[in-house]
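*Asks:* So that we are looking at the same thing, I have put the structure below in structure tokens.
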Amino acid sequence: MGVGRLLSTVLSLAEDLDSLSDELHFAGRDLACHAPLDHGAANVLRALTLPGNARVLEIGAGLGALTRYLGERAEVVHAIEPDEDCAEAVRSRTGELGTVEVFTADPARFSSDVEYDVVLVAQPYATRGLLDSVRRRLPPHGAVVVTTRSRAVVGTLAAAGLDVVQELLCSPGHEIARSVRSARLDAETPRLAAAIVDEPASGLLLLAGPGAGALWPPDRLATYFNTTDRAAFACTRADVVRTADGAEVRRVPLRPPTTVAGISVGPWTDPVYDAATIFEVLLAAPERAGELLPAWRELLRTEAERGVRALWDLVPHNVVVDGGDLRPIDLEWRHNGAGVAEVTERGVLVLADKLASAGWPGAAEGGTTRELAGWLGVLVGLDPSFVDTAVEREIDFATIGSCGAARGTAEIRAAISDIWHARLERTIHAAGYGRLSDENKEAKP
């Protein structure tokens, strides 16, 4: 069975066809056609500021991931897909919207009386002849968007009279983009760029035509997404925006805020600090654990007294060491059942896991992650036995965050539990990582 027919079959059995459908996202994980079903399949367009009530022409609809997203937001979408099986999959994904019409046609011969605000072109169709035809159909405010892996298309667009006004890098690619960014991000906020771009960019998003500038605001440096391992209620986007004082990160949920078993995500804005997190500082300077962890605990108490709701994410890897100050960042998660005590336990547990994964030279040679967590906990007044309750709480949280439900998740919870307990019992430095200094060995488990 071809990919198009396979996807049509999956779609015909699904109840939720939304571009953020959990049903399709989880069903697609084991399929050859998983990419167009992924929560992040439309991220490359989510990163753009599309005009309201837009009329859109999509040339090369493929399996319909972008078509579905456009159909949810645009007034009219005409999607051209020459392959009949793929076109049928697009119809299955968009049929109930009423805004999408799918054409099985040669894009070079397609004709329409509609004047399109945005024309989306997949790389294989970005030929000089087709782009000449597209340019003639654009209104004065129209824009062309090309998804590609090659800068050679820039020259083709220019030859067709469509100057590229913005080249955006898509990592790891435009099919499922975790980040869409201007090259200015690397120059202006290199530390943040390194944090949000964990793979080289293999995709490009080219914005051309008279109205292309409106698709990507001039003060925006990047947009990145948390969609991979989360249920739809917890998926977020973050815009990195230049400000008068530097830059800031503005995070918002992709769906209206929803609470599941007391857990939700919400909007959060941070300045961009050119400073390392507590986790990063400890990697380089293990001896600072006795200073930084108690200071983090005091910060947590202070923020709780101020009434900050998003305490659940106020853990060491979300706190930067800005000179003599500790500053929270990235606090998008809310957990109604967690206060200072629970977040303290969570912060130590997750920090121990991250340090163990990095082969932290401050850990006892041959010790386990569990033992490291117990020792770090002592630094903030915890009894080492806290690890068992903290890990069960973290398993519950991870299950809800990844499934979007509190019931019927026993299989997923068991798998997450197995992963966490295996992590706790792994031996640190098994691969020959760094060793304890002599002065710290006696204090470690």
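Scheme for the structure tokens: letters A, B, ... for chains in order shown; per-chain residue numbers from 1; ligand numbers from 1 in order shown.
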Quick one: everything within 9 Å of Leu24 of chain A, counting only C-alpha atoms, minus sequence neighbours fewer than 2 positions away in the same chain. Send it as a PyMOL selection string.
*Replies:* chain A and resi 10-11+14+16-22+26-29+34+37-39
*Asks:* Export N, CA and C atoms of the chosen residues as a short mmCIF file (atom, residue, chain, number, x, y, z; two decimals), in the first residue's frame?
*Replies:*
data_model
loop_
_atom_site.label_atom_id
_atom_site.label_comp_id
_atom_site.auth_asym_id
_atom_site.auth_seq_id
_atom_site.Cartn_x
_atom_site.Cartn_y
_atom_site.Cartn_z
N VAL A 10 -5.83 5.67 7.52
CA VAL A 10 -5.72 6.15 8.90
C VAL A 10 -6.69 7.30 9.15
N LEU A 11 -6.75 8.24 8.22
CA LEU A 11 -7.61 9.41 8.38
C LEU A 11 -9.09 9.03 8.38
N ALA A 14 -10.15 8.07 11.84
CA ALA A 14 -9.92 9.02 12.93
C ALA A 14 -11.15 9.90 13.17
N ASP A 16 -10.67 12.84 15.18
CA ASP A 16 -10.11 14.19 15.32
C ASP A 16 -9.07 14.40 14.23
N LEU A 17 -9.36 15.28 13.28
CA LEU A 17 -8.47 15.54 12.15
C LEU A 17 -7.73 16.86 12.28
N ASP A 18 -7.85 17.51 13.41
CA ASP A 18 -7.24 18.82 13.64
C ASP A 18 -5.73 18.78 13.42
N SER A 19 -5.15 19.94 13.12
CA SER A 19 -3.70 20.01 12.90
C SER A 19 -2.91 19.73 14.18
N LEU A 20 -3.59 19.78 15.35
CA LEU A 20 -2.96 19.41 16.62
C LEU A 20 -3.64 18.18 17.22
N SER A 21 -4.09 17.29 16.38
CA SER A 21 -4.81 16.11 16.85
C SER A 21 -3.89 15.15 17.61
N ASP A 22 -4.22 14.88 18.86
CA ASP A 22 -3.48 13.85 19.61
C ASP A 22 -3.71 12.48 18.99
N PHE A 26 -0.31 10.41 17.89
CA PHE A 26 0.13 9.16 18.51
C PHE A 26 -0.03 7.98 17.58
N ALA A 27 -1.05 8.01 16.73
CA ALA A 27 -1.23 6.92 15.76
C ALA A 27 -0.09 6.91 14.75
N GLY A 28 0.43 8.08 14.43
CA GLY A 28 1.43 8.17 13.38
C GLY A 28 2.83 7.77 13.79
N ARG A 29 3.07 7.59 15.07
CA ARG A 29 4.44 7.33 15.54
C ARG A 29 5.03 6.07 14.95
N HIS A 34 4.35 9.12 9.26
CA HIS A 34 4.18 9.78 10.55
C HIS A 34 4.33 11.30 10.47
N LEU A 37 1.36 13.64 10.28
CA LEU A 37 0.43 13.48 11.39
C LEU A 37 0.98 14.06 12.69
N ASP A 38 2.23 14.45 12.68
CA ASP A 38 2.89 14.95 13.88
C ASP A 38 2.33 16.31 14.28
N HIS A 39 2.28 16.56 15.61
CA HIS A 39 1.86 17.89 16.09
C HIS A 39 2.64 19.02 15.43
#
*Asks:* Tell me, as a VMD selection string, which residues lie within 7 Å of Thr147 of chain A, counting only C-alpha atoms; anything in the same chain fewer than 4 positions away does not count.
*Replies:* chain A and resid 121 to 123 174 204 to 206
*Asks:* Can you list, as an mmCIF file with C-alpha atoms, in the first residue's frame, every protein, DNA or RNA residue that comes within 9 Å of Ala247 of chain A when you count only C-alpha atoms, leaving out same-chain residues fewer than 5 positions away?
*Replies:*
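The resulting file, out.cif, is shown below:
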data_model
loop_
_atom_site.group_PDB
_atom_site.id
_atom_site.type_symbol
_atom_site.label_atom_id
_atom_site.label_comp_id
_atom_site.auth_asym_id
_atom_site.auth_seq_id
_atom_site.Cartn_x
_atom_site.Cartn_y
_atom_site.Cartn_z
ATOM 1 C CA GLU A 188 22.512 38.652 18.500
ATOM 2 C CA THR A 189 21.718 35.967 21.102
ATOM 3 C CA LEU A 221 14.519 36.726 15.636
ATOM 4 C CA VAL A 240 12.228 35.541 20.374
ATOM 5 C CA VAL A 241 11.665 39.257 19.869
ATOM 6 C CA ARG A 242 14.156 42.126 19.810
ATOM 7 C CA ASP A 270 11.384 36.419 29.946
ATOM 8 C CA PRO A 271 14.215 38.762 29.036
ATOM 9 C CA VAL A 272 17.045 36.979 27.240
ATOM 10 C CA TYR A 273 19.985 36.770 29.661
#
*Asks:* Apply DSSP to the backbone of this structure and, from segment 12-231 of chain A, keep only the residues in alpha helix (DSSP H); write these as a PyMOL selection string.
*Replies:* chain A and resi 12-13+22-27+43-46+65-73+84-94+128-137+152-159+184-188+190-196
*Asks:* Atoms to include: C-alpha atoms. Write the selected residues as a tab-separated table (two decimals), in the first residue's frame.
*Replies:*
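Dumped to part-v3.tsv:
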chain	number	residue	atom	x	y	z
A	12	SER	CA	-10.84	7.63	7.51
A	13	LEU	CA	-10.77	5.91	10.92
A	22	ASP	CA	-3.48	13.85	19.61
A	23	GLU	CA	-5.25	10.94	17.97
A	24	LEU	CA	-3.28	11.32	14.73
A	25	HIS	CA	-0.04	12.35	16.44
A	26	PHE	CA	0.13	9.16	18.51
A	27	ALA	CA	-1.23	6.92	15.76
A	43	ASN	CA	5.10	24.52	12.70
A	44	VAL	CA	6.78	26.00	9.66
A	45	LEU	CA	3.55	27.93	8.95
A	46	ARG	CA	2.65	28.50	12.61
A	65	ALA	CA	-0.29	18.59	6.84
A	66	LEU	CA	0.06	22.24	5.82
A	67	THR	CA	-3.24	22.18	3.92
A	68	ARG	CA	-5.07	21.22	7.10
A	69	TYR	CA	-3.50	24.04	9.09
A	70	LEU	CA	-4.25	26.58	6.33
A	71	GLY	CA	-7.83	25.34	6.08
A	72	GLU	CA	-8.35	26.01	9.79
A	73	ARG	CA	-7.26	29.63	9.43
A	84	GLU	CA	-4.03	11.08	-6.99
A	85	ASP	CA	-3.44	8.97	-3.86
A	86	CYS	CA	-1.85	11.89	-2.03
A	87	ALA	CA	-4.61	14.23	-3.19
A	88	GLU	CA	-7.20	11.82	-1.79
A	89	ALA	CA	-5.38	11.84	1.56
A	90	VAL	CA	-5.53	15.65	1.56
A	91	ARG	CA	-9.27	15.52	0.88
A	92	SER	CA	-9.70	13.07	3.76
A	93	ARG	CA	-7.79	15.39	6.11
A	94	THR	CA	-9.63	18.59	5.12
A	128	ARG	CA	11.01	29.56	-13.33
A	129	GLY	CA	7.91	29.00	-15.45
A	130	LEU	CA	5.63	28.30	-12.52
A	131	LEU	CA	6.97	31.20	-10.46
A	132	ASP	CA	6.47	33.55	-13.45
A	133	SER	CA	2.83	32.44	-13.49
A	134	VAL	CA	2.50	32.90	-9.73
A	135	ARG	CA	3.94	36.44	-9.85
A	136	ARG	CA	1.36	37.51	-12.44
A	137	ARG	CA	-1.46	36.38	-10.13
A	152	ALA	CA	19.32	27.73	-5.37
A	153	VAL	CA	15.62	28.60	-5.29
A	154	VAL	CA	16.56	32.16	-4.27
A	155	GLY	CA	18.00	32.73	-7.74
A	156	THR	CA	14.98	31.18	-9.43
A	157	LEU	CA	12.64	33.45	-7.49
A	158	ALA	CA	14.71	36.53	-8.39
A	159	ALA	CA	14.70	35.58	-12.06
A	184	ARG	CA	20.39	37.20	13.17
A	185	LEU	CA	19.48	35.01	16.15
A	186	ASP	CA	22.93	33.41	16.13
A	187	ALA	CA	24.67	36.77	16.00
A	188	GLU	CA	22.51	38.65	18.50
A	190	PRO	CA	24.27	33.18	20.57
A	191	ARG	CA	23.69	31.48	23.92
A	192	LEU	CA	19.95	31.26	23.33
A	193	ALA	CA	20.53	30.15	19.74
A	194	ALA	CA	22.66	27.26	20.96
A	195	ALA	CA	19.98	26.29	23.49
A	196	ILE	CA	17.06	26.15	21.06
*Asks:* Here is a test: counting only C-alpha atoms, which residue of A:Gly173, A:Gly266, A:Gly98, A:Pro210 is nearest to Arg237 of chain A?
*Replies:*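 The answer is A:Gly266, which sits nearest to Arg237 of chain A.
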*Asks:* Using only C-alpha atoms, find the one residue out of A:Ala41, A:Ala304, A:Leu120, A:Leu48 that sits nearest to Leu215 of chain A.
*Replies:*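 Checking each of A:Ala41, A:Ala304, A:Leu120, A:Leu48 against Leu215 of chain A, counting only C-alpha atoms, the winner is A:Leu48.
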*Asks:* Taking 5 positions as the minimum chain separation for residues in the same chain, which residues sit within 8 Å of segment 307-310 of chain A when counting only C-alpha atoms? Answer as a list in words.
*Replies:*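 In the requested form, the answer reads Leu331, Glu332, Trp333, Arg334 and His335 of chain A.
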*Asks:* Would you export the selected residues with C-alpha atoms as a PDB file, in the first residue's frame, please?
*Replies:*
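And here's out_2.pdb as it stands now:
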ATOM      1  CA  LEU A 331       8.193  28.980  33.541  1.00  0.00           C
ATOM      2  CA  GLU A 332       5.327  27.763  31.369  1.00  0.00           C
ATOM      3  CA  TRP A 333       4.124  24.696  33.329  1.00  0.00           C
ATOM      4  CA  ARG A 334       1.588  24.985  36.147  1.00  0.00           C
ATOM      5  CA  HIS A 335       0.859  22.219  38.662  1.00  0.00           C
TER       6      HIS A 335
END
*Asks:* Contacts of Thr399 of chain A at 9 Å or less, counting only C-alpha atoms, minus same-chain residues fewer than 5 places along, as a ChimeraX atom specification?
*Replies:* /A:394,404-406,409-410,412-413,416
*Asks:* Please save N, CA and C atoms of the selected residues as a PDB file, in the first residue's frame.
*Replies:*
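Printed below is selection06.pdb as written:
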ATOM      1  N   GLU A 394       6.943  12.745  39.463  1.00  0.00           N
ATOM      2  CA  GLU A 394       7.435  13.104  38.125  1.00  0.00           C
ATOM      3  C   GLU A 394       6.863  12.171  37.065  1.00  0.00           C
ATOM      4  N   GLY A 404      -2.099  13.825  27.813  1.00  0.00           N
ATOM      5  CA  GLY A 404      -3.219  14.745  27.881  1.00  0.00           C
ATOM      6  C   GLY A 404      -4.424  14.174  28.597  1.00  0.00           C
ATOM      7  N   ALA A 405      -4.209  13.127  29.408  1.00  0.00           N
ATOM      8  CA  ALA A 405      -5.310  12.492  30.130  1.00  0.00           C
ATOM      9  C   ALA A 405      -4.782  11.905  31.424  1.00  0.00           C
ATOM     10  N   ALA A 406      -5.676  11.786  32.398  1.00  0.00           N
ATOM     11  CA  ALA A 406      -5.295  11.204  33.683  1.00  0.00           C
ATOM     12  C   ALA A 406      -5.775   9.768  33.816  1.00  0.00           C
ATOM     13  N   THR A 409      -4.220   5.552  30.983  1.00  0.00           N
ATOM     14  CA  THR A 409      -2.833   5.779  30.562  1.00  0.00           C
ATOM     15  C   THR A 409      -1.858   4.811  31.239  1.00  0.00           C
ATOM     16  N   ALA A 410      -2.368   3.677  31.724  1.00  0.00           N
ATOM     17  CA  ALA A 410      -1.527   2.767  32.505  1.00  0.00           C
ATOM     18  C   ALA A 410      -0.320   2.286  31.706  1.00  0.00           C
ATOM     19  N   ILE A 412       1.293   3.765  29.181  1.00  0.00           N
ATOM     20  CA  ILE A 412       2.274   4.835  29.034  1.00  0.00           C
ATOM     21  C   ILE A 412       2.961   5.115  30.358  1.00  0.00           C
ATOM     22  N   ARG A 413       2.178   5.125  31.435  1.00  0.00           N
ATOM     23  CA  ARG A 413       2.776   5.381  32.744  1.00  0.00           C
ATOM     24  C   ARG A 413       3.803   4.312  33.092  1.00  0.00           C
ATOM     25  N   ILE A 416       7.020   5.005  31.150  1.00  0.00           N
ATOM     26  CA  ILE A 416       7.754   6.137  31.719  1.00  0.00           C
ATOM     27  C   ILE A 416       8.387   5.742  33.051  1.00  0.00           C
TER      28      ILE A 416
END
*Asks:* Based on DSSP run over this structure's backbone, return all residues of segment 145-288 of chain A in strand (DSSP E or B), as a VMD selection string.
*Replies:* chain A and resid 145 to 148 164 to 171 179 to 181 203 to 208 220 to 226 236 to 243 246 to 253 260 263 to 265 268 to 271 277
*Asks:* Kindly save the residues from that selection, with N, CA and C atoms included, as a short mmCIF file (atom, residue, chain, number, x, y, z; two decimals), in the first residue's frame.
*Replies:*
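Listed below is the output, out_19.cif:
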data_model
loop_
_atom_site.label_atom_id
_atom_site.label_comp_id
_atom_site.auth_asym_id
_atom_site.auth_seq_id
_atom_site.Cartn_x
_atom_site.Cartn_y
_atom_site.Cartn_z
N VAL A 145 5.63 31.95 -0.49
CA VAL A 145 6.38 31.22 0.53
C VAL A 145 6.85 29.92 -0.09
N VAL A 146 8.15 29.67 -0.05
CA VAL A 146 8.71 28.45 -0.62
C VAL A 146 9.37 27.64 0.48
N THR A 147 9.00 26.37 0.60
CA THR A 147 9.69 25.44 1.51
C THR A 147 10.71 24.66 0.68
N THR A 148 11.95 24.67 1.14
CA THR A 148 13.02 24.10 0.32
C THR A 148 14.17 23.63 1.19
N VAL A 164 13.50 37.74 -2.68
CA VAL A 164 13.36 37.16 -1.35
C VAL A 164 13.64 38.25 -0.32
N VAL A 165 12.69 38.49 0.56
CA VAL A 165 12.88 39.51 1.60
C VAL A 165 13.27 38.89 2.94
N GLN A 166 13.11 37.57 3.07
CA GLN A 166 13.48 36.91 4.32
C GLN A 166 13.83 35.45 4.03
N GLU A 167 15.00 35.03 4.51
CA GLU A 167 15.38 33.62 4.48
C GLU A 167 15.38 33.12 5.92
N LEU A 168 14.56 32.12 6.19
CA LEU A 168 14.43 31.59 7.54
C LEU A 168 14.95 30.16 7.58
N LEU A 169 15.75 29.87 8.60
CA LEU A 169 16.33 28.54 8.78
C LEU A 169 15.38 27.68 9.59
N CYS A 170 15.15 26.46 9.14
CA CYS A 170 14.25 25.53 9.82
C CYS A 170 15.04 24.35 10.35
N SER A 171 15.00 24.14 11.67
CA SER A 171 15.72 23.03 12.29
C SER A 171 14.73 22.07 12.94
N SER A 179 12.41 24.70 15.31
CA SER A 179 12.69 26.13 15.36
C SER A 179 12.72 26.70 13.95
N VAL A 180 12.23 27.92 13.82
CA VAL A 180 12.29 28.69 12.58
C VAL A 180 12.94 30.01 12.96
N ARG A 181 14.05 30.36 12.31
CA ARG A 181 14.80 31.50 12.82
C ARG A 181 15.51 32.26 11.71
N GLY A 203 16.42 22.80 6.50
CA GLY A 203 15.33 23.36 5.73
C GLY A 203 15.39 24.87 5.67
N LEU A 204 14.80 25.42 4.61
CA LEU A 204 14.72 26.87 4.43
C LEU A 204 13.28 27.25 4.16
N LEU A 205 12.89 28.40 4.67
CA LEU A 205 11.60 28.99 4.36
C LEU A 205 11.91 30.34 3.71
N LEU A 206 11.58 30.47 2.44
CA LEU A 206 11.88 31.69 1.68
C LEU A 206 10.60 32.51 1.52
N LEU A 207 10.65 33.76 1.94
CA LEU A 207 9.50 34.66 1.84
C LEU A 207 9.80 35.70 0.77
N ALA A 208 8.97 35.76 -0.26
CA ALA A 208 9.22 36.65 -1.40
C ALA A 208 7.93 37.35 -1.81
N ARG A 220 11.27 40.18 15.08
CA ARG A 220 11.32 38.78 15.49
C ARG A 220 12.63 38.13 15.02
N LEU A 221 13.28 37.43 15.95
CA LEU A 221 14.52 36.73 15.64
C LEU A 221 14.28 35.24 15.40
N ALA A 222 13.31 34.67 16.07
CA ALA A 222 13.06 33.23 15.94
C ALA A 222 11.72 32.88 16.55
N THR A 223 11.20 31.74 16.13
CA THR A 223 10.07 31.10 16.79
C THR A 223 10.43 29.64 16.98
N TYR A 224 10.25 29.15 18.20
CA TYR A 224 10.53 27.73 18.42
C TYR A 224 9.37 27.08 19.17
N PHE A 225 9.31 25.75 19.08
CA PHE A 225 8.12 25.03 19.52
C PHE A 225 8.46 23.87 20.44
N ASN A 226 7.56 23.60 21.38
CA ASN A 226 7.58 22.38 22.16
C ASN A 226 6.33 21.59 21.77
N THR A 236 3.43 24.32 22.96
CA THR A 236 3.64 25.77 23.04
C THR A 236 4.52 26.26 21.91
N ARG A 237 4.45 27.56 21.69
CA ARG A 237 5.36 28.26 20.80
C ARG A 237 6.04 29.36 21.60
N ALA A 238 7.22 29.74 21.17
CA ALA A 238 7.94 30.83 21.83
C ALA A 238 8.54 31.72 20.76
N ASP A 239 8.23 33.00 20.82
CA ASP A 239 8.80 33.97 19.89
C ASP A 239 9.95 34.71 20.56
N VAL A 240 11.08 34.76 19.90
CA VAL A 240 12.23 35.54 20.37
C VAL A 240 12.17 36.88 19.67
N VAL A 241 11.96 37.93 20.44
CA VAL A 241 11.67 39.26 19.87
C VAL A 241 12.70 40.27 20.36
N ARG A 242 13.22 41.06 19.44
CA ARG A 242 14.16 42.13 19.81
C ARG A 242 13.40 43.24 20.53
N THR A 243 13.98 43.76 21.60
CA THR A 243 13.39 44.86 22.36
C THR A 243 14.41 46.00 22.47
N GLY A 246 17.35 44.70 24.43
CA GLY A 246 17.99 43.45 24.02
C GLY A 246 17.01 42.56 23.31
N ALA A 247 16.53 41.52 24.01
CA ALA A 247 15.55 40.61 23.43
C ALA A 247 14.79 39.93 24.55
N GLU A 248 13.61 39.38 24.22
CA GLU A 248 12.85 38.62 25.18
C GLU A 248 12.18 37.45 24.49
N VAL A 249 11.81 36.46 25.30
CA VAL A 249 11.13 35.27 24.80
C VAL A 249 9.69 35.30 25.29
N ARG A 250 8.75 35.20 24.35
CA ARG A 250 7.32 35.25 24.67
C ARG A 250 6.70 33.90 24.34
N ARG A 251 6.30 33.18 25.39
CA ARG A 251 5.76 31.83 25.23
C ARG A 251 4.25 31.83 25.38
N VAL A 252 3.58 31.06 24.53
CA VAL A 252 2.12 30.92 24.61
C VAL A 252 1.74 29.49 24.25
N PRO A 253 0.63 28.98 24.84
CA PRO A 253 0.12 27.67 24.42
C PRO A 253 -0.41 27.74 22.99
N VAL A 260 -5.49 19.72 32.94
CA VAL A 260 -5.72 18.28 32.99
C VAL A 260 -5.14 17.78 34.31
N ILE A 263 -2.84 20.11 35.91
CA ILE A 263 -1.62 20.47 35.17
C ILE A 263 -2.00 21.24 33.91
N SER A 264 -1.27 22.30 33.63
CA SER A 264 -1.54 23.12 32.45
C SER A 264 -0.27 23.86 32.05
N VAL A 265 -0.33 24.50 30.89
CA VAL A 265 0.72 25.44 30.49
C VAL A 265 0.08 26.80 30.29
N TRP A 268 4.14 33.02 29.23
CA TRP A 268 5.25 33.46 30.08
C TRP A 268 6.23 34.24 29.22
N THR A 269 6.72 35.36 29.72
CA THR A 269 7.69 36.18 29.00
C THR A 269 8.92 36.41 29.86
N ASP A 270 10.10 36.21 29.25
CA ASP A 270 11.38 36.42 29.95
C ASP A 270 12.28 37.33 29.11
N PRO A 271 13.09 38.15 29.75
CA PRO A 271 14.22 38.76 29.04
C PRO A 271 15.22 37.66 28.66
N THR A 277 22.76 28.72 33.04
CA THR A 277 21.85 28.20 34.05
C THR A 277 22.65 27.56 35.19
#
*Asks:* Skipping near chain neighbours, those fewer than 6 positions away, what residues fall within 9 Å of segment 374-377 of chain A using only C-alpha atoms, listed as a ChimeraX atom specification?
*Replies:* /A:289-290,293,344-345,348-349,351-352,383-387,443-445
*Asks:* Which one of A:Thr227, A:Asn318, A:Thr302, A:Thr104 sits closest to Ile176 of chain A if you count only C-alpha atoms?
*Replies:*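 Selected residue with least distance to Ile176 of chain A: A:Thr227.
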*Asks:* Tell me which of A:Val56, A:Glu75, A:Glu101, A:Val197 sits closest to Gly142 of chain A, counting only C-alpha atoms.
*Replies:* A:Val56
*Asks:* Env of Leu283 of chain A: 10 Å cut, atoms = only C-alpha atoms, seq-sep filter 6 positions within chain, self excluded. Answer as a list of chain:residue names.
*Replies:* A:Thr277, A:Ala289, A:Lys354, A:Leu355, A:Ala358, A:Gly359, A:Trp360, A:Pro361, A:Gly362
*Asks:* Generate a file of the selected residues that holds C-alpha atoms, formatted as a PDB file, in the first residue's frame.
*Replies:*
ATOM      1  CA  THR A 277      21.848  28.204  34.051  1.00  0.00           C
ATOM      2  CA  ALA A 289      26.731  23.124  44.439  1.00  0.00           C
ATOM      3  CA  LYS A 354      20.792  15.862  34.012  1.00  0.00           C
ATOM      4  CA  LEU A 355      24.124  15.916  35.828  1.00  0.00           C
ATOM      5  CA  ALA A 358      26.481  14.582  31.505  1.00  0.00           C
ATOM      6  CA  GLY A 359      28.917  12.490  33.581  1.00  0.00           C
ATOM      7  CA  TRP A 360      29.198  15.185  36.227  1.00  0.00           C
ATOM      8  CA  PRO A 361      32.691  15.308  37.761  1.00  0.00           C
ATOM      9  CA  GLY A 362      31.154  16.300  41.105  1.00  0.00           C
TER      10      GLY A 362
END
